[in-house]
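Shown next: target_8.pdb, given as PDB, C-alpha atoms, pLDDT in the B column.
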ATOM      1  CA  MET A  55     225.805 -40.842-177.077  1.00 49.00           C
ATOM      2  CA  SER A  56     228.306 -42.694-179.268  1.00 62.00           C
ATOM      3  CA  GLU A  57     227.413 -44.136-182.655  1.00 62.00           C
ATOM      4  CA  ASP A  58     228.577 -47.533-181.348  1.00 85.00           C
ATOM      5  CA  VAL A  59     225.906 -47.547-178.619  1.00 85.00           C
ATOM      6  CA  LEU A  60     223.208 -46.369-181.025  1.00 89.00           C
ATOM      7  CA  SER A  61     224.166 -49.069-183.521  1.00 91.00           C
ATOM      8  CA  LEU A  62     224.302 -51.756-180.814  1.00 92.00           C
ATOM      9  CA  ARG A  63     220.907 -50.728-179.446  1.00 91.00           C
ATOM     10  CA  LYS A  64     219.372 -50.913-182.925  1.00 94.00           C
ATOM     11  CA  SER A  65     220.921 -54.333-183.596  1.00 94.00           C
ATOM     12  CA  LEU A  66     219.800 -55.797-180.256  1.00 96.00           C
ATOM     13  CA  ARG A  67     216.243 -54.521-180.693  1.00 95.00           C
ATOM     14  CA  GLN A  68     216.089 -56.058-184.157  1.00 96.00           C
ATOM     15  CA  GLN A  69     217.305 -59.422-182.855  1.00 96.00           C
ATOM     16  CA  ARG A  70     214.754 -59.335-180.053  1.00 97.00           C
ATOM     17  CA  ASN A  71     211.891 -58.434-182.386  1.00 96.00           C
ATOM     18  CA  HIS A  72     212.858 -61.172-184.852  1.00 97.00           C
ATOM     19  CA  LEU A  73     212.595 -64.008-182.329  1.00 97.00           C
ATOM     20  CA  HIS A  74     210.368 -66.800-183.636  1.00 97.00           C
ATOM     21  CA  PRO A  75     206.955 -66.684-181.878  1.00 97.00           C
ATOM     22  CA  ASN A  76     207.327 -70.278-180.659  1.00 98.00           C
ATOM     23  CA  ASP A  77     210.770 -69.542-179.191  1.00 98.00           C
ATOM     24  CA  ARG A  78     209.444 -66.357-177.583  1.00 98.00           C
ATOM     25  CA  LYS A  79     206.602 -68.259-175.924  1.00 97.00           C
ATOM     26  CA  ILE A  80     208.989 -70.894-174.528  1.00 98.00           C
ATOM     27  CA  PHE A  81     211.530 -68.277-173.367  1.00 98.00           C
ATOM     28  CA  ASP A  82     208.853 -66.143-171.694  1.00 98.00           C
ATOM     29  CA  LEU A  83     207.498 -69.140-169.789  1.00 97.00           C
ATOM     30  CA  SER A  84     211.009 -70.007-168.587  1.00 98.00           C
ATOM     31  CA  ILE A  85     211.624 -66.421-167.408  1.00 98.00           C
ATOM     32  CA  ASN A  86     208.293 -66.330-165.553  1.00 97.00           C
ATOM     33  CA  ARG A  87     208.980 -69.668-163.874  1.00 96.00           C
ATOM     34  CA  THR A  88     212.429 -68.516-162.760  1.00 96.00           C
ATOM     35  CA  LEU A  89     210.881 -65.383-161.267  1.00 95.00           C
ATOM     36  CA  LEU A  90     208.367 -67.444-159.319  1.00 93.00           C
ATOM     37  CA  LYS A  91     210.982 -69.971-158.134  1.00 93.00           C
ATOM     38  CA  SER A  92     213.263 -67.166-156.909  1.00 93.00           C
ATOM     39  CA  GLY A  93     210.989 -66.640-153.914  1.00 89.00           C
ATOM     40  CA  ILE A  94     210.602 -62.893-154.407  1.00 87.00           C
ATOM     41  CA  LEU A  95     206.836 -62.967-153.888  1.00 86.00           C
ATOM     42  CA  LEU A  96     207.430 -64.283-150.370  1.00 83.00           C
ATOM     43  CA  ARG A  97     210.283 -61.931-149.445  1.00 86.00           C
ATOM     44  CA  LEU A  98     209.614 -58.667-151.290  1.00 88.00           C
ATOM     45  CA  PRO A  99     206.000 -57.469-151.033  1.00 86.00           C
ATOM     46  CA  ARG A 100     206.174 -54.232-153.083  1.00 91.00           C
ATOM     47  CA  ILE A 101     207.194 -55.131-156.623  1.00 94.00           C
ATOM     48  CA  ALA A 102     207.315 -52.991-159.760  1.00 95.00           C
ATOM     49  CA  SER A 103     207.125 -54.767-163.089  1.00 94.00           C
ATOM     50  CA  TYR A 104     206.291 -53.683-166.651  1.00 95.00           C
ATOM     51  CA  LEU A 105     204.006 -54.604-169.540  1.00 93.00           C
ATOM     52  CA  ALA A 106     205.946 -55.939-172.521  1.00 94.00           C
ATOM     53  CA  ASN A 107     206.608 -53.550-175.406  1.00 92.00           C
ATOM     54  CA  ASP A 108     208.895 -53.620-178.459  1.00 94.00           C
ATOM     55  CA  GLY A 109     209.554 -57.351-178.161  1.00 96.00           C
ATOM     56  CA  GLU A 110     210.385 -57.373-174.433  1.00 97.00           C
ATOM     57  CA  PRO A 111     209.786 -60.603-172.484  1.00 98.00           C
ATOM     58  CA  ALA A 112     206.165 -60.789-171.327  1.00 97.00           C
ATOM     59  CA  LEU A 113     205.610 -61.260-167.585  1.00 96.00           C
ATOM     60  CA  ASP A 114     201.869 -61.996-167.700  1.00 93.00           C
ATOM     61  CA  PHE A 115     202.160 -65.364-165.920  1.00 92.00           C
ATOM     62  CA  PHE A 116     204.166 -63.759-163.117  1.00 93.00           C
ATOM     63  CA  LEU A 117     201.686 -60.873-162.803  1.00 90.00           C
ATOM     64  CA  ILE A 118     198.732 -63.250-162.517  1.00 88.00           C
ATOM     65  CA  ASN A 119     200.500 -65.274-159.815  1.00 85.00           C
ATOM     66  CA  SER A 120     201.412 -62.071-157.963  1.00 81.00           C
ATOM     67  CA  ALA A 121     197.728 -61.183-157.772  1.00 75.00           C
ATOM     68  CA  GLU A 122     196.822 -64.656-156.504  1.00 75.00           C
ATOM     69  CA  MET A 123     199.408 -64.323-153.720  1.00 75.00           C
ATOM     70  CA  HIS A 124     198.066 -60.860-152.806  1.00 72.00           C
ATOM     71  CA  CYS A 125     201.365 -59.146-153.595  1.00 80.00           C
ATOM     72  CA  GLN A 126     201.192 -55.369-154.108  1.00 85.00           C
ATOM     73  CA  HIS A 127     202.213 -54.744-157.684  1.00 90.00           C
ATOM     74  CA  TYR A 128     203.125 -51.529-159.518  1.00 94.00           C
ATOM     75  CA  LEU A 129     203.701 -50.463-163.119  1.00 94.00           C
ATOM     76  CA  PRO A 130     205.905 -47.611-164.388  1.00 93.00           C
ATOM     77  CA  THR A 131     203.986 -44.508-165.427  1.00 92.00           C
ATOM     78  CA  LEU A 132     205.399 -41.500-167.257  1.00 89.00           C
ATOM     79  CA  TYR A 133     205.480 -38.412-165.070  1.00 83.00           C
ATOM     80  CA  GLN A 134     207.224 -35.454-166.707  1.00 83.00           C
ATOM     81  CA  GLN A 135     210.729 -36.801-167.489  1.00 82.00           C
ATOM     82  CA  GLN A 136     210.754 -39.520-164.843  1.00 85.00           C
ATOM     83  CA  LEU A 137     208.793 -42.605-163.873  1.00 91.00           C
ATOM     84  CA  LYS A 138     206.305 -42.853-161.068  1.00 90.00           C
ATOM     85  CA  PHE A 139     204.829 -46.215-160.158  1.00 93.00           C
ATOM     86  CA  ALA A 140     201.094 -46.857-160.110  1.00 93.00           C
ATOM     87  CA  ALA A 141     199.350 -49.644-158.223  1.00 91.00           C
ATOM     88  CA  TYR A 142     198.157 -52.379-160.577  1.00 90.00           C
ATOM     89  CA  SER A 143     196.171 -55.593-160.351  1.00 86.00           C
ATOM     90  CA  TRP A 144     195.796 -58.012-163.249  1.00 84.00           C
ATOM     91  CA  GLY A 145     192.797 -56.931-165.338  1.00 84.00           C
ATOM     92  CA  ASP A 146     192.818 -53.256-164.294  1.00 88.00           C
ATOM     93  CA  THR A 147     191.913 -50.709-166.974  1.00 90.00           C
ATOM     94  CA  LEU A 148     194.923 -49.515-168.987  1.00 92.00           C
ATOM     95  CA  LYS A 149     195.514 -46.482-171.182  1.00 91.00           C
ATOM     96  CA  ASN A 150     198.385 -45.945-173.635  1.00 91.00           C
ATOM     97  CA  ASN A 151     200.900 -43.175-172.890  1.00 89.00           C
ATOM     98  CA  ARG A 152     202.613 -40.999-175.499  1.00 88.00           C
ATOM     99  CA  PHE A 153     204.960 -43.863-176.406  1.00 87.00           C
ATOM    100  CA  ASN A 154     201.962 -46.169-176.914  1.00 89.00           C
ATOM    101  CA  ILE A 155     202.863 -48.176-173.799  1.00 89.00           C
ATOM    102  CA  PRO A 156     199.930 -49.248-171.570  1.00 90.00           C
ATOM    103  CA  GLU A 157     199.696 -47.660-168.112  1.00 91.00           C
ATOM    104  CA  PRO A 158     197.092 -47.957-165.343  1.00 89.00           C
ATOM    105  CA  GLU A 159     194.278 -45.524-166.130  1.00 84.00           C
ATOM    106  CA  PHE A 160     193.530 -44.734-162.494  1.00 74.00           C
ATOM    107  CA  LYS A 161     196.826 -43.643-161.019  1.00 73.00           C
ATOM    108  CA  GLN A 162     197.796 -43.622-157.383  1.00 80.00           C
ATOM    109  CA  PHE A 163     201.498 -42.843-157.573  1.00 84.00           C
ATOM    110  CA  PHE A 164     204.144 -44.609-155.524  1.00 86.00           C
ATOM    111  CA  SER A 165     207.775 -43.498-155.291  1.00 89.00           C
ATOM    112  CA  ALA A 166     210.572 -45.818-156.437  1.00 92.00           C
ATOM    113  CA  LYS A 167     212.236 -45.130-153.079  1.00 92.00           C
ATOM    114  CA  LEU A 168     209.539 -47.161-151.326  1.00 91.00           C
ATOM    115  CA  LEU A 169     209.632 -50.187-153.612  1.00 94.00           C
ATOM    116  CA  ASP A 170     211.290 -53.449-152.580  1.00 94.00           C
ATOM    117  CA  MET A 171     212.131 -54.584-156.105  1.00 95.00           C
ATOM    118  CA  ILE A 172     211.943 -53.330-159.687  1.00 96.00           C
ATOM    119  CA  LEU A 173     211.907 -55.660-162.688  1.00 97.00           C
ATOM    120  CA  VAL A 174     213.754 -53.629-165.303  1.00 96.00           C
ATOM    121  CA  PRO A 175     213.265 -54.122-169.055  1.00 95.00           C
ATOM    122  CA  LEU A 176     216.398 -53.499-171.096  1.00 96.00           C
ATOM    123  CA  VAL A 177     217.934 -53.697-174.545  1.00 96.00           C
ATOM    124  CA  GLY A 178     221.354 -55.138-173.635  1.00 96.00           C
ATOM    125  CA  PHE A 179     223.320 -56.343-170.611  1.00 97.00           C
ATOM    126  CA  ASP A 180     226.773 -57.675-169.749  1.00 96.00           C
ATOM    127  CA  ALA A 181     228.290 -60.048-167.189  1.00 95.00           C
ATOM    128  CA  GLN A 182     228.929 -57.207-164.706  1.00 95.00           C
ATOM    129  CA  GLY A 183     225.280 -56.145-164.483  1.00 96.00           C
ATOM    130  CA  HIS A 184     225.556 -53.063-166.680  1.00 96.00           C
ATOM    131  CA  ARG A 185     222.609 -52.408-168.983  1.00 95.00           C
ATOM    132  CA  ILE A 186     221.647 -50.555-172.145  1.00 93.00           C
ATOM    133  CA  GLY A 187     218.130 -49.149-172.060  1.00 89.00           C
ATOM    134  CA  MET A 188     215.882 -47.788-174.777  1.00 86.00           C
ATOM    135  CA  GLY A 189     217.715 -44.464-174.707  1.00 82.00           C
ATOM    136  CA  GLY A 190     215.154 -42.214-173.017  1.00 83.00           C
ATOM    137  CA  GLY A 191     216.930 -42.215-169.649  1.00 84.00           C
ATOM    138  CA  PHE A 192     213.694 -42.605-167.683  1.00 90.00           C
ATOM    139  CA  TYR A 193     214.946 -45.360-165.380  1.00 91.00           C
ATOM    140  CA  ASP A 194     218.294 -43.582-164.886  1.00 90.00           C
ATOM    141  CA  ARG A 195     216.601 -40.349-163.795  1.00 91.00           C
ATOM    142  CA  THR A 196     214.067 -42.157-161.641  1.00 92.00           C
ATOM    143  CA  LEU A 197     216.694 -44.230-159.828  1.00 92.00           C
ATOM    144  CA  ASN A 198     219.257 -41.447-159.472  1.00 92.00           C
ATOM    145  CA  PHE A 199     218.682 -41.407-155.696  1.00 91.00           C
ATOM    146  CA  MET A 200     220.401 -44.814-155.503  1.00 92.00           C
ATOM    147  CA  LEU A 201     223.743 -43.192-156.372  1.00 90.00           C
ATOM    148  CA  ASN A 202     223.693 -41.347-153.044  1.00 88.00           C
ATOM    149  CA  PRO A 203     225.839 -43.332-150.534  1.00 87.00           C
ATOM    150  CA  ALA A 204     223.639 -42.009-147.720  1.00 88.00           C
ATOM    151  CA  CYS A 205     220.553 -43.658-149.210  1.00 86.00           C
ATOM    152  CA  LYS A 206     219.693 -46.570-146.932  1.00 83.00           C
ATOM    153  CA  ARG A 207     216.617 -47.946-148.685  1.00 88.00           C
ATOM    154  CA  LYS A 208     217.173 -49.086-152.259  1.00 92.00           C
ATOM    155  CA  PRO A 209     214.990 -51.378-154.373  1.00 96.00           C
ATOM    156  CA  LEU A 210     216.512 -54.571-155.720  1.00 96.00           C
ATOM    157  CA  LEU A 211     216.992 -54.138-159.482  1.00 97.00           C
ATOM    158  CA  ILE A 212     216.455 -57.262-161.571  1.00 98.00           C
ATOM    159  CA  GLY A 213     216.920 -57.040-165.321  1.00 98.00           C
ATOM    160  CA  ILE A 214     214.621 -59.068-167.575  1.00 98.00           C
ATOM    161  CA  ALA A 215     215.917 -60.048-171.017  1.00 98.00           C
ATOM    162  CA  TYR A 216     216.538 -62.803-173.535  1.00 98.00           C
ATOM    163  CA  ASN A 217     220.015 -64.306-173.671  1.00 98.00           C
ATOM    164  CA  ILE A 218     220.492 -62.942-177.221  1.00 97.00           C
ATOM    165  CA  GLN A 219     220.636 -59.497-175.578  1.00 97.00           C
ATOM    166  CA  ARG A 220     223.844 -60.365-173.724  1.00 97.00           C
ATOM    167  CA  VAL A 221     226.899 -58.418-174.937  1.00 95.00           C
ATOM    168  CA  GLN A 222     230.571 -58.751-174.064  1.00 92.00           C
ATOM    169  CA  ILE A 223     231.055 -55.452-172.256  1.00 89.00           C
ATOM    170  CA  ILE A 224     229.131 -52.234-171.633  1.00 90.00           C
ATOM    171  CA  THR A 225     231.043 -49.137-170.555  1.00 87.00           C
ATOM    172  CA  PRO A 226     228.927 -47.580-167.783  1.00 84.00           C
ATOM    173  CA  GLN A 227     228.264 -43.852-167.573  1.00 84.00           C
ATOM    174  CA  ARG A 228     228.540 -41.987-164.264  1.00 84.00           C
ATOM    175  CA  TRP A 229     224.728 -41.922-163.914  1.00 84.00           C
ATOM    176  CA  ASP A 230     224.261 -45.657-164.586  1.00 88.00           C
ATOM    177  CA  ILE A 231     223.037 -47.886-161.761  1.00 91.00           C
ATOM    178  CA  PRO A 232     224.084 -51.546-162.099  1.00 94.00           C
ATOM    179  CA  LEU A 233     221.596 -54.381-161.857  1.00 97.00           C
ATOM    180  CA  ASP A 234     221.544 -56.659-158.823  1.00 97.00           C
ATOM    181  CA  ALA A 235     220.621 -59.624-161.012  1.00 98.00           C
ATOM    182  CA  ILE A 236     219.449 -60.647-164.479  1.00 98.00           C
ATOM    183  CA  ILE A 237     216.867 -63.243-165.496  1.00 98.00           C
ATOM    184  CA  THR A 238     216.847 -64.733-168.987  1.00 98.00           C
ATOM    185  CA  GLU A 239     215.383 -67.948-170.380  1.00 98.00           C
ATOM    186  CA  LEU A 240     218.609 -69.630-169.192  1.00 97.00           C
ATOM    187  CA  GLY A 241     217.970 -68.743-165.558  1.00 97.00           C
ATOM    188  CA  LEU A 242     218.949 -66.275-162.837  1.00 97.00           C
ATOM    189  CA  THR A 243     222.390 -64.674-162.513  1.00 97.00           C
ATOM    190  CA  CYS A 244     223.140 -62.591-159.406  1.00 97.00           C
ATOM    191  CA  PHE A 245     225.604 -59.696-159.523  1.00 97.00           C
ATOM    192  CA  SER A 246     225.274 -58.257-156.007  1.00 96.00           C
ATOM    193  CA  ASN A 247     225.638 -59.882-152.594  1.00 95.00           C
ATOM    194  CA  ARG A 248     222.182 -58.596-151.711  1.00 93.00           C
ATOM    195  CA  ALA A 249     220.662 -60.486-154.634  1.00 95.00           C
ATOM    196  CA  ARG A 250     222.515 -63.651-153.623  1.00 95.00           C
ATOM    197  CA  LEU A 251     221.014 -63.385-150.135  1.00 92.00           C
ATOM    198  CA  LEU A 252     217.450 -62.674-151.264  1.00 92.00           C
ATOM    199  CA  LEU A 253     217.009 -64.769-154.395  1.00 91.00           C
ATOM    200  CA  ARG A 254     216.933 -68.509-154.930  1.00 83.00           C
ATOM    201  CA  THR A 255     218.926 -69.542-157.984  1.00 76.00           C
ATOM    202  CA  SER A 256     217.589 -73.095-158.244  1.00 67.00           C
TER     203      SER A 256
END
Before we go any further, please render this structure as structure tokens.
Amino acid sequence: MSEDVLSLRKSLRQQRNHLHPNDRKIFDLSINRTLLKSGILLRLPRIASYLANDGEPALDFFLINSAEMHCQHYLPTLYQQQLKFAAYSWGDTLKNNRFNIPEPEFKQFFSAKLLDMILVPLVGFDAQGHRIGMGGGFYDRTLNFMLNPACKRKPLLIGIAYNIQRVQIITPQRWDIPLDAIITELGLTCFSNRARLLLRTS
């Protein structure tokens, strides 16, 4: 990995972690409202999300509303060098993994191949839907099946970030899978035709 990417990742994480708490609260509420207005809870029943870590936008409001609408929700769980997804309902018991990130304690694994949508945390993104992650490669390895042209069922990938994480251009690697859309406090931006068909932007 180039020094430029390492330096950019460090800088973006610092900016995200230094957001004023009042701004963070307002931005998070805007992101959650955009998610709910997009109509995904009505169209995509099997949704994977995440629990905020390292300054990521918190999706608590969205998770609570998902439970009220009886949507089946999943959280990423470390499994060897990949991610499996475990069923989760708001208030379930959680246990920290080796990176100190909460995971469902009672795990019934679900493959990413069977999900309808994955809300993807990220460190940086650009206007083409390319992303910079935390550097562990867990999402890249987990979603590698999406690079196969013969794969007919693919989850919709929606990045979740603050607008300060936007960068001018990210050079994708051969294993990178682009996002279908991004949601920040400024709203929803669709990159793929599939996202434009499935998501409401206003």
Report as a PyMOL selection string the residues that result from applying the PyMOL selection byres ((chain A and resi 181) around 9) to the structure here. chain A and resi 179-180+182-184+220-223+243+245
Write the residues of the selection above to a file with C-alpha atoms, as a tab-separated table (two decimals), in the frame of the given file.
chain	number	residue	atom	x	y	z
A	179	PHE	CA	223.32	-56.34	-170.61
A	180	ASP	CA	226.77	-57.68	-169.75
A	182	GLN	CA	228.93	-57.21	-164.71
A	183	GLY	CA	225.28	-56.14	-164.48
A	184	HIS	CA	225.56	-53.06	-166.68
A	220	ARG	CA	223.84	-60.36	-173.72
A	221	VAL	CA	226.90	-58.42	-174.94
A	222	GLN	CA	230.57	-58.75	-174.06
A	223	ILE	CA	231.06	-55.45	-172.26
A	243	THR	CA	222.39	-64.67	-162.51
A	245	PHE	CA	225.60	-59.70	-159.52
Enumerate, as a PyMOL selection string, the residues matched when the PyMOL selection byres ((chain A and resi 82) around 9) is run on the file above. chain A and resi 77-81+83-87+111-113+115+216+238-239
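Here, the PyMOL selection byres ((chain A and resi 121) around 12) matches Leu95, Pro99, Arg100, Ile101, Asp114, Phe115, Phe116, Leu117, Ile118, Asn119, Ser120, Glu122, Met123, His124, Cys125, Gln126, His127, Tyr128, Ala141, Tyr142, Ser143, Trp144, Gly145 and Asp146 of chain A.
Reported to one decimal place, the separation of CA of Arg250 (chain A) from CA of Tyr104 (chain A) is 23.1 Å.
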Hey, what's within 9 Å of region 164-175 of chain A if we count all atoms listed in the file and toss same-chain stuff fewer than 4 positions away? As a ChimeraX atom specification, please? /A:94,98-104,106,110-111,128,137-141,187-188,193,196-197,199-200,207-215,233
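Shortest separation to Leu251 (chain A) among A:Gly178, A:Gly93, A:Pro130, A:Gly189 occurs at residue A:Gly93, atoms counted being only C-alpha atoms.
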Which residue, A:Ile218, A:Ile186, A:Ile231, A:Leu96, has the smallest gap to Leu60 (chain A) when you use only C-alpha atoms? A:Ile186
From A:Leu73, A:Ile237, A:Gln135, A:Arg248, residue lying nearest Leu89 (chain A) [all atoms listed in the file]: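 Among the listed residues, A:Ile237 lies closest to Leu89 (chain A).
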So for region 231-245 of chain A, what box centre and size do we get, axis-aligned, 6 Å extra on each of the six sides, every listed atom, Å to one decimal, as AutoDock Vina command-line options?
--center_x 220.5 --center_y -58.8 --center_z -164.6 --size_x 22.2 --size_y 33.7 --size_z 23.6
Quote the spacing between CA of Asp234 (chain A) and CA of Ala249 (chain A) in Å to one decimal place. 5.7 Å
Restricting the calculation to all atoms listed in the file: of A:Arg63, A:Arg228, A:Gly109, A:Thr88, which residue gets closest to Pro75 (chain A)?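 Among the listed residues, the smallest separation from Pro75 (chain A) belongs to A:Gly109.
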So that I can check the surroundings of Asn107 (chain A), please list as a short mmCIF file (atom, residue, chain, number, x, y, z; two decimals) with C-alpha atoms, in the frame of the given file every protein, DNA and RNA residue that reaches within 10 Å of it, counting only C-alpha atoms and ignoring chain neighbours fewer than 6 positions away.
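Final output, saved to selection-v7.cif:
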data_model
loop_
_atom_site.label_atom_id
_atom_site.label_comp_id
_atom_site.auth_asym_id
_atom_site.auth_seq_id
_atom_site.Cartn_x
_atom_site.Cartn_y
_atom_site.Cartn_z
CA PHE A 153 204.96 -43.86 -176.41
CA ASN A 154 201.96 -46.17 -176.91
CA ILE A 155 202.86 -48.18 -173.80
CA PRO A 156 199.93 -49.25 -171.57
CA PRO A 175 213.26 -54.12 -169.06
#
Please determine, counting only C-alpha atoms, which residue among A:Thr255, A:Ser246, A:Gln69, A:Asn76 has the shortest atom-to-atom distance to Ser92 (chain A). A:Thr255
May I ask for the distance between CA of Asp194 (chain A) and CA of Leu148 (chain A), given in Å to one decimal place? 24.5 Å
Excluding same-chain residues fewer than 3 positions from Arg152 (chain A), what lies within 12 Å of it counting all atoms listed in the file, as an NGL selection string? :A and (131-134 or 149 or 155-157)
I need the residue nearest Leu252 (chain A) from this list: A:Ala235, A:Lys206, A:Asp230, A:Gln162. Use only C-alpha atoms for the distance.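 Of all the options, A:Ala235 lies closest to Leu252 (chain A).
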